[in-house]
Amino acid sequence: MTKPTLHILLAAPRGFCAGVDRAIKIVELALERFGAPVYVRHEIVHNRHVVEELEQKGAIFVEELDEVPGDLPVVFSAHGVPKSVPAEADRRNMLYVDATCPLVSKVHREVERHNKAGHHILMIGHCGHPEVIGTMGQVPKGTMTLIESEEDALGVEPENPDNLAFVTQTTLSVDDTAGIVDILKQRFPSIAGPKKEDICYATTNRQGAVKAMAERCDRMLVIGAPNSSNSRRLVEVAEKEGTLARLVQKASEIDWEWLEGAKTVGITAGASAPEVLVQDALAALSERYEVELEEVETARENVTFKIPSVLRPSAA
């Protein structure tokens with residue numbers, strides 16, 4: 001039987017960003033340097049495939065430091081941690097390596113700077129996300145307020161409205177965040193903000209690629225984990241452009257009935273999804289369709305981040 005033809009638009013850029021790449025490399029280098037096991041506090045990045053591969057190499061993932069034996073090394077995840085976590089590690093004389101994405105660390109420094117200046121800080125982000133927990137944990141409790149929506153921005157009533165600053169989670173929807181920031185600036189004209197926006201280049205670029213493809217697609221598949229903020233935002237961006245979109249972790253989760261009748265399908269991947277999962281999805285589609293593949297490139301990325309000095313060859 002002749003296979004139906006399917007035109008696939010493949011987003012570029014997609015998948016791993018520099019911060020995720022660095023975090024995974026840190027765990028791998030820690031295993032090489034210290035030997036297995038190496039403990040990792042929280043999922044190093046939000047992707048089960050990545051986590052399981054590292055587990056096979058000897059990484060043990062835990063939620064809190066009290067699960068880590070004091071004489072074994074521990075890595076902190078790319079999302080960042082509250083200051084209390086390295087403080088506890090220091091108290092226990094633990095060997096730890098911080099894999100916090102440098103772009104998240106930039107937000108941490110902004111928060112510290114605003115706190116020293118006496119500003120009350122409004123953090124735009126999602127409640128419970130590890131990055132938000134880590135960022136809000138950089139300063140004393142009560143000095144930051146979480147803003148999740150335009151409704152929150154309209155309703156917040158700070159004690160001193162002339163002494164405010166805002167920061168954002170790095171993996172938010174660019175458009176949604178712009179709306180919230182506009183409201184805050186209208187309500188509090190003197191509010192201080194980041195010199196360069198906090199939403200990271202990779203989040204912005206991946207959302208830009210989805211926007212460029214969406215109007216040409218009947219469906220959009222986003223490869224990523226359900227607990228990955230930037231992956232979920234890609235689904236939302238596609239749907240706001242009027243395109244039906246689904247988040248799948250791997251090829252086996254593709255809903256073939258949902259794809260029925262589609263002539264053009266867009267594929268992208270969140271910043272913590274490895275390219276192998278994209279290729280697996282393409283292979284699965286090729287088994288059912290005569291695939292015409294077109295890559296849609298909207299940006300080129302050449303960002304790299306340094307590995308912590310303790311894991312560099314010179315530190316051996």
# chains A, B, ... in the order shown; residues from 1 in each chain; ligands from 1
>>> closest_atom_pairs(of="region 68-113 of chain A", to="region 26-33 of chain A", cutoff="12 Å", atoms="only C-alpha atoms", output="JSON lines")
{"residue": "A:Leu72", "atom": "CA", "partner": "A:Ala30", "partner_atom": "CA", "distance": 11.0}
{"residue": "A:Pro73", "atom": "CA", "partner": "A:Ala30", "partner_atom": "CA", "distance": 8.1}
{"residue": "A:Val74", "atom": "CA", "partner": "A:Ala30", "partner_atom": "CA", "distance": 8.8}
{"residue": "A:Val75", "atom": "CA", "partner": "A:Val27", "partner_atom": "CA", "distance": 6.9}
{"residue": "A:Phe76", "atom": "CA", "partner": "A:Val27", "partner_atom": "CA", "distance": 9.5}
{"residue": "A:Ser77", "atom": "CA", "partner": "A:Val27", "partner_atom": "CA", "distance": 9.4}
{"residue": "A:Ala78", "atom": "CA", "partner": "A:Ile26", "partner_atom": "CA", "distance": 9.9}
{"residue": "A:Leu95", "atom": "CA", "partner": "A:Ala30", "partner_atom": "CA", "distance": 10.7}
{"residue": "A:Tyr96", "atom": "CA", "partner": "A:Ala30", "partner_atom": "CA", "distance": 9.7}
{"residue": "A:Val97", "atom": "CA", "partner": "A:Ile26", "partner_atom": "CA", "distance": 8.0}
{"residue": "A:Asp98", "atom": "CA", "partner": "A:Ile26", "partner_atom": "CA", "distance": 8.7}
{"residue": "A:Ala99", "atom": "CA", "partner": "A:Ile26", "partner_atom": "CA", "distance": 6.6}
{"residue": "A:Thr100", "atom": "CA", "partner": "A:Ile26", "partner_atom": "CA", "distance": 10.2}
{"residue": "A:Cys101", "atom": "CA", "partner": "A:Ile26", "partner_atom": "CA", "distance": 11.2}
>>> write_last_selection(atoms="N, CA and C atoms", output="PDB file, in the first residue's frame")
ATOM      1  N   LEU A  72      30.579  11.697  49.582  1.00  0.00           N
ATOM      2  CA  LEU A  72      30.453  11.518  48.130  1.00  0.00           C
ATOM      3  C   LEU A  72      30.092  12.847  47.465  1.00  0.00           C
ATOM      4  N   PRO A  73      30.584  13.046  46.224  1.00  0.00           N
ATOM      5  CA  PRO A  73      30.325  14.325  45.539  1.00  0.00           C
ATOM      6  C   PRO A  73      28.863  14.470  45.110  1.00  0.00           C
ATOM      7  N   VAL A  74      28.429  15.734  45.027  1.00  0.00           N
ATOM      8  CA  VAL A  74      27.063  16.019  44.601  1.00  0.00           C
ATOM      9  C   VAL A  74      27.091  17.171  43.603  1.00  0.00           C
ATOM     10  N   VAL A  75      26.221  17.083  42.601  1.00  0.00           N
ATOM     11  CA  VAL A  75      26.091  18.128  41.582  1.00  0.00           C
ATOM     12  C   VAL A  75      24.740  18.800  41.766  1.00  0.00           C
ATOM     13  N   PHE A  76      24.720  20.135  41.693  1.00  0.00           N
ATOM     14  CA  PHE A  76      23.464  20.877  41.749  1.00  0.00           C
ATOM     15  C   PHE A  76      22.953  21.086  40.328  1.00  0.00           C
ATOM     16  N   SER A  77      21.644  20.992  40.131  1.00  0.00           N
ATOM     17  CA  SER A  77      21.067  20.974  38.782  1.00  0.00           C
ATOM     18  C   SER A  77      21.188  22.316  38.065  1.00  0.00           C
ATOM     19  N   ALA A  78      20.908  22.283  36.762  1.00  0.00           N
ATOM     20  CA  ALA A  78      21.020  23.471  35.909  1.00  0.00           C
ATOM     21  C   ALA A  78      20.035  24.568  36.301  1.00  0.00           C
ATOM     22  N   LEU A  95      31.790  17.769  49.043  1.00  0.00           N
ATOM     23  CA  LEU A  95      32.340  18.179  47.756  1.00  0.00           C
ATOM     24  C   LEU A  95      31.167  18.347  46.794  1.00  0.00           C
ATOM     25  N   TYR A  96      30.971  19.568  46.308  1.00  0.00           N
ATOM     26  CA  TYR A  96      29.849  19.780  45.405  1.00  0.00           C
ATOM     27  C   TYR A  96      30.292  20.586  44.186  1.00  0.00           C
ATOM     28  N   VAL A  97      29.576  20.368  43.079  1.00  0.00           N
ATOM     29  CA  VAL A  97      29.808  21.092  41.835  1.00  0.00           C
ATOM     30  C   VAL A  97      28.485  21.713  41.427  1.00  0.00           C
ATOM     31  N   ASP A  98      28.509  23.010  41.150  1.00  0.00           N
ATOM     32  CA  ASP A  98      27.284  23.736  40.816  1.00  0.00           C
ATOM     33  C   ASP A  98      27.120  23.793  39.298  1.00  0.00           C
ATOM     34  N   ALA A  99      26.072  23.112  38.781  1.00  0.00           N
ATOM     35  CA  ALA A  99      25.811  23.100  37.338  1.00  0.00           C
ATOM     36  C   ALA A  99      24.740  24.117  36.942  1.00  0.00           C
ATOM     37  N   THR A 100      24.466  25.080  37.819  1.00  0.00           N
ATOM     38  CA  THR A 100      23.482  26.114  37.485  1.00  0.00           C
ATOM     39  C   THR A 100      23.834  26.785  36.165  1.00  0.00           C
ATOM     40  N   CYS A 101      22.856  26.907  35.279  1.00  0.00           N
ATOM     41  CA  CYS A 101      23.079  27.588  34.005  1.00  0.00           C
ATOM     42  C   CYS A 101      23.572  29.008  34.283  1.00  0.00           C
TER      43      CYS A 101
END
>>> select_by_dssp(residues="region 30-170 of chain A", states="strand (DSSP E)", output="PyMOL selection string")
chain A and resi 38-41+59-62+74-76+96-98+120-124+144-147+164-168
>>> write_last_selection(atoms="C-alpha atoms", output="PDB file, in the first residue's frame")
ATOM      1  CA  VAL A  38      28.039  10.864  41.885  1.00  0.00           C
ATOM      2  CA  TYR A  39      24.885  12.253  43.425  1.00  0.00           C
ATOM      3  CA  VAL A  40      22.788  14.882  41.646  1.00  0.00           C
ATOM      4  CA  ARG A  41      20.351  17.071  43.559  1.00  0.00           C
ATOM      5  CA  ALA A  59      24.675   9.123  38.679  1.00  0.00           C
ATOM      6  CA  ILE A  60      22.180   8.918  41.558  1.00  0.00           C
ATOM      7  CA  PHE A  61      19.400  11.514  41.553  1.00  0.00           C
ATOM      8  CA  VAL A  62      17.973  12.754  44.844  1.00  0.00           C
ATOM      9  CA  VAL A  74      27.063  16.019  44.601  1.00  0.00           C
ATOM     10  CA  VAL A  75      26.091  18.128  41.582  1.00  0.00           C
ATOM     11  CA  PHE A  76      23.464  20.877  41.749  1.00  0.00           C
ATOM     12  CA  TYR A  96      29.849  19.780  45.405  1.00  0.00           C
ATOM     13  CA  VAL A  97      29.808  21.092  41.835  1.00  0.00           C
ATOM     14  CA  ASP A  98      27.284  23.736  40.816  1.00  0.00           C
ATOM     15  CA  HIS A 120      11.288  44.719  46.885  1.00  0.00           C
ATOM     16  CA  ILE A 121      11.566  42.269  43.973  1.00  0.00           C
ATOM     17  CA  LEU A 122       8.735  40.957  41.825  1.00  0.00           C
ATOM     18  CA  MET A 123       9.669  37.655  40.197  1.00  0.00           C
ATOM     19  CA  ILE A 124       7.731  36.718  37.064  1.00  0.00           C
ATOM     20  CA  MET A 144      10.363  38.863  46.822  1.00  0.00           C
ATOM     21  CA  THR A 145       6.848  38.362  45.489  1.00  0.00           C
ATOM     22  CA  LEU A 146       5.976  35.850  42.762  1.00  0.00           C
ATOM     23  CA  ILE A 147       3.962  37.126  39.786  1.00  0.00           C
ATOM     24  CA  LEU A 164      10.470  47.965  43.193  1.00  0.00           C
ATOM     25  CA  ALA A 165      12.443  45.793  40.784  1.00  0.00           C
ATOM     26  CA  PHE A 166      11.487  42.804  38.643  1.00  0.00           C
ATOM     27  CA  VAL A 167      13.244  39.717  37.304  1.00  0.00           C
ATOM     28  CA  THR A 168      11.918  36.763  35.330  1.00  0.00           C
TER      29      THR A 168
END
>>> atom_distance(atom1="CA of Glu55 (chain A)", atom2="CA of Glu43 (chain A)")
10.7 Å
>>> closest_residue(among="A:Ala209, A:Ser309, A:Lys3, A:His46", to="Val291 (chain A)", atoms="only C-alpha atoms")
A:Lys3
>>> select_by_dssp(residues="region 131-255 of chain A", states="helix (DSSP H, G or I)", output="JSON, numbers by chain")
{"A": [131, 132, 133, 134, 135, 136, 150, 151, 152, 153, 154, 155, 174, 175, 176, 177, 178, 179, 180, 181, 182, 183, 184, 185, 186, 187, 201, 202, 203, 204, 205, 206, 207, 208, 209, 210, 211, 212, 213, 214, 229, 230, 231, 232, 233, 234, 235, 236, 237, 238, 239, 240, 251, 252, 253]}
>>> closest_residue(among="A:Arg14, A:Arg22, A:Lys250, A:His108", to="Thr268 (chain A)", atoms="only C-alpha atoms")
A:Arg14
>>> closest_residue(among="A:Lys141, A:Ile44, A:Met220, A:Arg232", to="Leu259 (chain A)", atoms="only C-alpha atoms")
A:Met220
>>> closest_residue(among="A:His49, A:Lys25, A:His7, A:His119", to="Val265 (chain A)", atoms="only C-alpha atoms")
A:His7
>>> residues_around(residues="Pro13 (chain A)", least_positions_apart="6", cutoff="9 Å", atoms="only C-alpha atoms", output="number ranges by chain")
A: 202, 205-206, 209, 268-269, 296-301
>>> residues_around(residues="Asp255 (chain A)", least_positions_apart="4", cutoff="12 Å", atoms="only C-alpha atoms", output="MDAnalysis selection string")
chainID A and resid 219:221 245:251 259:260 281 284:285
>>> closest_residue(among="A:Val276, A:Glu131, A:Leu184, A:His126", to="Glu150 (chain A)", atoms="only C-alpha atoms")
A:Leu184
>>> atom_distance(atom1="CA of Ala117 (chain A)", atom2="CA of Ile133 (chain A)")
21.5 Å
>>> atom_distance(atom1="CA of Ala283 (chain A)", atom2="CA of Gly266 (chain A)")
14.6 Å
>>> closest_residue(among="A:Val50, A:Ala18, A:Leu10, A:Ala212", to="Asn302 (chain A)", atoms="only C-alpha atoms")
A:Ala18
>>> residues_around(residues="Thr170 (chain A)", least_positions_apart="6", cutoff="7 Å", atoms="only C-alpha atoms", output="PyMOL selection string")
chain A and resi 104+198-200
>>> residues_around(residues="Gly270 (chain A)", least_positions_apart="5", cutoff="8 Å", atoms="only C-alpha atoms", output="PDB file with all heavy atoms, in the first residue's frame")
ATOM      1  N   ARG A  14      16.627  23.960  17.749  1.00  0.00           N
ATOM      2  CA  ARG A  14      15.766  23.102  18.561  1.00  0.00           C
ATOM      3  C   ARG A  14      16.675  22.371  19.547  1.00  0.00           C
ATOM      4  O   ARG A  14      17.892  22.338  19.396  1.00  0.00           O
ATOM      5  CB  ARG A  14      15.024  22.081  17.680  1.00  0.00           C
ATOM      6  CG  ARG A  14      15.970  21.129  16.970  1.00  0.00           C
ATOM      7  CD  ARG A  14      15.288  20.138  16.048  1.00  0.00           C
ATOM      8  NE  ARG A  14      16.275  19.291  15.359  1.00  0.00           N
ATOM      9  CZ  ARG A  14      16.898  19.623  14.238  1.00  0.00           C
ATOM     10  NH1 ARG A  14      16.634  20.794  13.653  1.00  0.00           N
ATOM     11  NH2 ARG A  14      17.791  18.814  13.690  1.00  0.00           N
ATOM     12  N   GLY A  15      16.053  21.749  20.550  1.00  0.00           N
ATOM     13  CA  GLY A  15      16.810  20.874  21.440  1.00  0.00           C
ATOM     14  C   GLY A  15      17.804  21.589  22.341  1.00  0.00           C
ATOM     15  O   GLY A  15      17.627  22.756  22.679  1.00  0.00           O
ATOM     16  N   PHE A  16      18.847  20.851  22.698  1.00  0.00           N
ATOM     17  CA  PHE A  16      19.793  21.288  23.728  1.00  0.00           C
ATOM     18  C   PHE A  16      20.267  22.726  23.550  1.00  0.00           C
ATOM     19  O   PHE A  16      20.630  23.151  22.448  1.00  0.00           O
ATOM     20  CB  PHE A  16      21.030  20.393  23.723  1.00  0.00           C
ATOM     21  CG  PHE A  16      20.881  19.097  24.472  1.00  0.00           C
ATOM     22  CD1 PHE A  16      19.693  18.743  25.085  1.00  0.00           C
ATOM     23  CD2 PHE A  16      21.955  18.223  24.573  1.00  0.00           C
ATOM     24  CE1 PHE A  16      19.573  17.542  25.771  1.00  0.00           C
ATOM     25  CE2 PHE A  16      21.846  17.020  25.251  1.00  0.00           C
ATOM     26  CZ  PHE A  16      20.650  16.678  25.860  1.00  0.00           C
ATOM     27  N   ARG A 206      13.825  29.340  20.251  1.00  0.00           N
ATOM     28  CA  ARG A 206      12.951  28.197  19.969  1.00  0.00           C
ATOM     29  C   ARG A 206      11.504  28.647  19.781  1.00  0.00           C
ATOM     30  O   ARG A 206      10.788  28.110  18.943  1.00  0.00           O
ATOM     31  CB  ARG A 206      13.091  27.147  21.082  1.00  0.00           C
ATOM     32  CG  ARG A 206      14.343  26.277  20.882  1.00  0.00           C
ATOM     33  CD  ARG A 206      14.967  25.771  22.171  1.00  0.00           C
ATOM     34  NE  ARG A 206      16.286  25.211  21.889  1.00  0.00           N
ATOM     35  CZ  ARG A 206      17.361  25.930  21.552  1.00  0.00           C
ATOM     36  NH1 ARG A 206      17.283  27.244  21.434  1.00  0.00           N
ATOM     37  NH2 ARG A 206      18.526  25.338  21.302  1.00  0.00           N
ATOM     38  N   VAL A 222       5.939  18.842  19.722  1.00  0.00           N
ATOM     39  CA  VAL A 222       7.039  19.371  20.528  1.00  0.00           C
ATOM     40  C   VAL A 222       7.617  18.210  21.334  1.00  0.00           C
ATOM     41  O   VAL A 222       6.905  17.577  22.120  1.00  0.00           O
ATOM     42  CB  VAL A 222       6.563  20.483  21.479  1.00  0.00           C
ATOM     43  CG1 VAL A 222       7.719  20.970  22.360  1.00  0.00           C
ATOM     44  CG2 VAL A 222       5.959  21.641  20.694  1.00  0.00           C
ATOM     45  N   ILE A 223       8.881  17.901  21.115  1.00  0.00           N
ATOM     46  CA  ILE A 223       9.550  16.838  21.865  1.00  0.00           C
ATOM     47  C   ILE A 223      10.068  17.441  23.165  1.00  0.00           C
ATOM     48  O   ILE A 223      10.865  18.386  23.146  1.00  0.00           O
ATOM     49  CB  ILE A 223      10.731  16.227  21.073  1.00  0.00           C
ATOM     50  CG1 ILE A 223      10.327  15.918  19.624  1.00  0.00           C
ATOM     51  CG2 ILE A 223      11.274  14.995  21.785  1.00  0.00           C
ATOM     52  CD1 ILE A 223       9.264  14.885  19.464  1.00  0.00           C
ATOM     53  N   GLY A 224       9.602  16.918  24.279  1.00  0.00           N
ATOM     54  CA  GLY A 224      10.042  17.455  25.563  1.00  0.00           C
ATOM     55  C   GLY A 224       9.282  16.811  26.702  1.00  0.00           C
ATOM     56  O   GLY A 224       8.318  16.073  26.494  1.00  0.00           O
ATOM     57  N   SER A 228       9.034  20.190  31.806  1.00  0.00           N
ATOM     58  CA  SER A 228       9.958  21.152  31.195  1.00  0.00           C
ATOM     59  C   SER A 228       9.201  22.421  30.845  1.00  0.00           C
ATOM     60  O   SER A 228       8.352  22.429  29.953  1.00  0.00           O
ATOM     61  CB  SER A 228      10.595  20.549  29.937  1.00  0.00           C
ATOM     62  OG  SER A 228      11.207  21.554  29.147  1.00  0.00           O
ATOM     63  N   ASN A 230      10.175  25.242  29.373  1.00  0.00           N
ATOM     64  CA  ASN A 230      10.373  25.804  28.031  1.00  0.00           C
ATOM     65  C   ASN A 230       9.694  24.953  26.965  1.00  0.00           C
ATOM     66  O   ASN A 230       9.220  25.481  25.962  1.00  0.00           O
ATOM     67  CB  ASN A 230      11.869  26.013  27.740  1.00  0.00           C
ATOM     68  CG  ASN A 230      12.597  24.737  27.414  1.00  0.00           C
ATOM     69  OD1 ASN A 230      12.616  24.294  26.270  1.00  0.00           O
ATOM     70  ND2 ASN A 230      13.207  24.109  28.423  1.00  0.00           N
ATOM     71  N   SER A 231       9.598  23.634  27.181  1.00  0.00           N
ATOM     72  CA  SER A 231       8.908  22.763  26.214  1.00  0.00           C
ATOM     73  C   SER A 231       7.411  23.052  26.205  1.00  0.00           C
ATOM     74  O   SER A 231       6.785  23.139  25.141  1.00  0.00           O
ATOM     75  CB  SER A 231       9.150  21.289  26.557  1.00  0.00           C
ATOM     76  OG  SER A 231      10.531  20.970  26.494  1.00  0.00           O
ATOM     77  N   LEU A 234       6.512  26.084  24.279  1.00  0.00           N
ATOM     78  CA  LEU A 234       6.516  25.914  22.818  1.00  0.00           C
ATOM     79  C   LEU A 234       5.143  25.455  22.326  1.00  0.00           C
ATOM     80  O   LEU A 234       4.669  25.893  21.272  1.00  0.00           O
ATOM     81  CB  LEU A 234       7.604  24.924  22.397  1.00  0.00           C
ATOM     82  CG  LEU A 234       9.048  25.376  22.625  1.00  0.00           C
ATOM     83  CD1 LEU A 234      10.023  24.256  22.256  1.00  0.00           C
ATOM     84  CD2 LEU A 234       9.375  26.641  21.830  1.00  0.00           C
TER      85      LEU A 234
END
>>> residues_around(residues="region 86-92 of chain A", least_positions_apart="5", cutoff="8 Å", atoms="only C-alpha atoms", output="short mmCIF file (atom, residue, chain, number, x, y, z; two decimals) with all heavy atoms, in the first residue's frame")
data_model
loop_
_atom_site.label_atom_id
_atom_site.label_comp_id
_atom_site.auth_asym_id
_atom_site.auth_seq_id
_atom_site.Cartn_x
_atom_site.Cartn_y
_atom_site.Cartn_z
N LEU A 65 19.71 17.23 49.96
CA LEU A 65 21.08 16.89 50.36
C LEU A 65 21.13 15.83 51.45
O LEU A 65 22.12 15.10 51.56
CB LEU A 65 21.81 18.15 50.86
CG LEU A 65 22.35 19.11 49.81
CD1 LEU A 65 23.21 20.17 50.48
CD2 LEU A 65 23.14 18.39 48.73
N GLY A 70 27.82 12.04 53.18
CA GLY A 70 28.70 13.20 53.30
C GLY A 70 30.02 13.07 52.59
O GLY A 70 30.68 14.08 52.30
N VAL A 81 19.90 26.61 42.73
CA VAL A 81 19.42 26.21 44.05
C VAL A 81 19.38 27.42 44.98
O VAL A 81 20.11 28.39 44.77
CB VAL A 81 20.34 25.13 44.67
CG1 VAL A 81 20.28 23.84 43.87
CG2 VAL A 81 21.78 25.62 44.79
#
